[in-house]
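A.B. asks: Sharing a structure below in structure tokens format, with a few things to ask.
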Amino acid sequence: AESVAGAAKGTKDSVTLTLGTGLGGGVVINGRIYSGFNNAGCEIGHMVILSGGEPCTCGRLGCFECYGTATAIIRDTERAAKAHPESVLGQLIEENGGRADGRTAFIGMRQGDAVAADVVENFIEMLSEGLANVINVFMPEIILIGGGVCNEGDPLLLPVREKALAKSYLAPGVPATRIELARMGNDAGIVGAAMMGMNCLDDGIQG
């Protein structure tokens with residue numbers, strides 16, 4: 001969707017990731033959606049980025065989805081607040097009925113709370129780790145990240161971009177992958193479905 005009408009318009013190779021309850025998205029190669037020979041590929045969220053890490057819904061440990069999503073930062077925010085109830089982060093969650101959302105840690109960080117800052121830093125570190133792997137495998141012209149937590153804008157995007165590019169392998173003199181925020185929002189599913197339909201028509205496949 002983003003490659004047709006969003007931030008990746010005009011590019012042929014792009015990856016779009018949605019950081020929500022899970023980690024969804026899609027890969028476009030040479031202007032076409034790529035999904036593997038069996039249409040079940042590109043499960044980027046289930047790429048392991050920390051061996052023996054957090055348990056994933058897929059049954060494995062340490063998947064990207066366990067660290068680079070809204071669910072992940074909410075989990076880590078609530079854990080940190082429970083361990084440090086005296087912190088600003090702990091107070092924010094207490095005031096919200098004991099629950100966090102994807103932006104609570106960022107709010108605490110802006111209020112100068114070191115506990116919240118640690119949660120944000122870890123989230124950025126792990127998200128950038130996964131994005132670096134995506135760059136190394138696909139080397140897309142652009143990677144777009146979206147989802148509610150991305151409404152934080154530059155405080156999330158800028159350090160993630162810097163760290164992901166620093167961790168990726170790039171030969172000297174070769175243009176680097178751009179990392180930007182997705183723009184399509186709630187329209188992405190509709191446009192993406194239309195794009196997939198056009199791909200199927202081009203291939204002579206009927207649903």
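Going by the structure tokens order, chains are called A, B, ..., each with residues numbered from 1, while ligands are numbered from 1 in the order shown.
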Residues near Met139 in chain A, anyone? I mean within 9 Å using only C-alpha atoms, not counting same-chain ones fewer than 3 positions away, as a list in words.
C.D. replies: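 Within the cut-off, the hits are Asp13, Ser14, Val134, Ile135, Asn136, Ile142, Ala176 and Thr177 of chain A.
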A.B. asks: Go through range 117-148 of chain A and flag each residue having an atom no more than 9 Å from range 91-106 of chain A; for those, report the closest pair of atoms plus their distance in Å to one decimal, using only C-alpha atoms, ordered by chain and rising number, as JSON lines.
C.D. replies:
```
{"residue": "A:Ala117", "atom": "CA", "partner": "A:Ala105", "partner_atom": "CA", "distance": 7.0}
{"residue": "A:Asp118", "atom": "CA", "partner": "A:Ala105", "partner_atom": "CA", "distance": 8.8}
{"residue": "A:Val119", "atom": "CA", "partner": "A:Ala105", "partner_atom": "CA", "distance": 6.5}
{"residue": "A:Val120", "atom": "CA", "partner": "A:Ala105", "partner_atom": "CA", "distance": 6.2}
{"residue": "A:Gly148", "atom": "CA", "partner": "A:Gly102", "partner_atom": "CA", "distance": 7.1}
```
A.B. asks: Can you pull out the residues contacting Lys12 in chain A? Cut-off 7 Å, using only C-alpha atoms, and skip same-chain residues under 6 positions away; I want them as a compact mmCIF listing (two decimals) with N, CA and C atoms, in the first residue's frame.
C.D. replies:
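Just written: result.txt:
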```
# COMPACT_ATOMS: atom_id res chain seq x y z
N VAL A 28 7.97 -5.50 -0.81
CA VAL A 28 7.76 -5.26 -2.23
C VAL A 28 9.12 -5.31 -2.92
N ILE A 29 9.26 -6.17 -3.91
CA ILE A 29 10.50 -6.31 -4.67
C ILE A 29 10.19 -6.06 -6.14
N ASN A 30 10.90 -5.12 -6.71
CA ASN A 30 10.70 -4.75 -8.12
C ASN A 30 9.24 -4.41 -8.41
N GLY A 31 8.61 -3.71 -7.45
CA GLY A 31 7.25 -3.24 -7.64
C GLY A 31 6.16 -4.24 -7.37
```
A.B. asks: Find the spatial neighbours of Val160 in chain A, counting only C-alpha atoms, within a cut-off of 7 Å - ignore same-chain residues fewer than 3 positions away - and output them as a list of chain:residue names.
C.D. replies: A:Ile124, A:Leu127, A:Ser128, A:Leu156, A:Leu157, A:Lys163, A:Ala164
A.B. asks: How about saving the chosen residues, C-alpha atoms kept, as a PDB file, in the first residue's frame?
C.D. replies:
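Final output, again-v3.pdb:
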```pdb
ATOM      1  CA  ILE A 124      14.925   1.272  20.298  1.00  0.00           C
ATOM      2  CA  LEU A 127      13.810  -2.554  17.072  1.00  0.00           C
ATOM      3  CA  SER A 128      16.963  -1.341  15.341  1.00  0.00           C
ATOM      4  CA  LEU A 156      11.604   7.139  18.129  1.00  0.00           C
ATOM      5  CA  LEU A 157      12.489   7.398  14.449  1.00  0.00           C
ATOM      6  CA  LYS A 163      21.267   2.514  15.135  1.00  0.00           C
ATOM      7  CA  ALA A 164      19.777   0.310  12.406  1.00  0.00           C
TER       8      ALA A 164
END
```
A.B. asks: What does the structure give for the distance between CA of His46 in chain A and CA of Ala70 in chain A, in Å to one decimal?
C.D. replies: 15.5 Å
A.B. asks: For Lys167 in chain A, which residue among A:Val149, A:Ala132, A:Ile33, A:Ile143 is the nearest when counting only C-alpha atoms?
C.D. replies: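 Ranking A:Val149, A:Ala132, A:Ile33, A:Ile143 by distance to Lys167 in chain A, first place goes to A:Ala132.
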A.B. asks: Residues at most 9 Å from Gly130 in chain A, counting only C-alpha atoms, excluding those fewer than 6 positions away in the same chain, as an MDAnalysis selection string?
C.D. replies: chainID A and resid 44:45 47:49 64 67:68 164
A.B. asks: What gap, in Å, lies between CA of Asn133 in chain A and CA of Tyr169 in chain A?
C.D. replies: 9.1 Å
A.B. asks: What is the CA of Cys58 in chain A-CA of Cys42 in chain A distance in Å, reported with one decimal?
C.D. replies: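 Going from CA of Cys58 in chain A over to CA of Cys42 in chain A, I get 14.5 Å.
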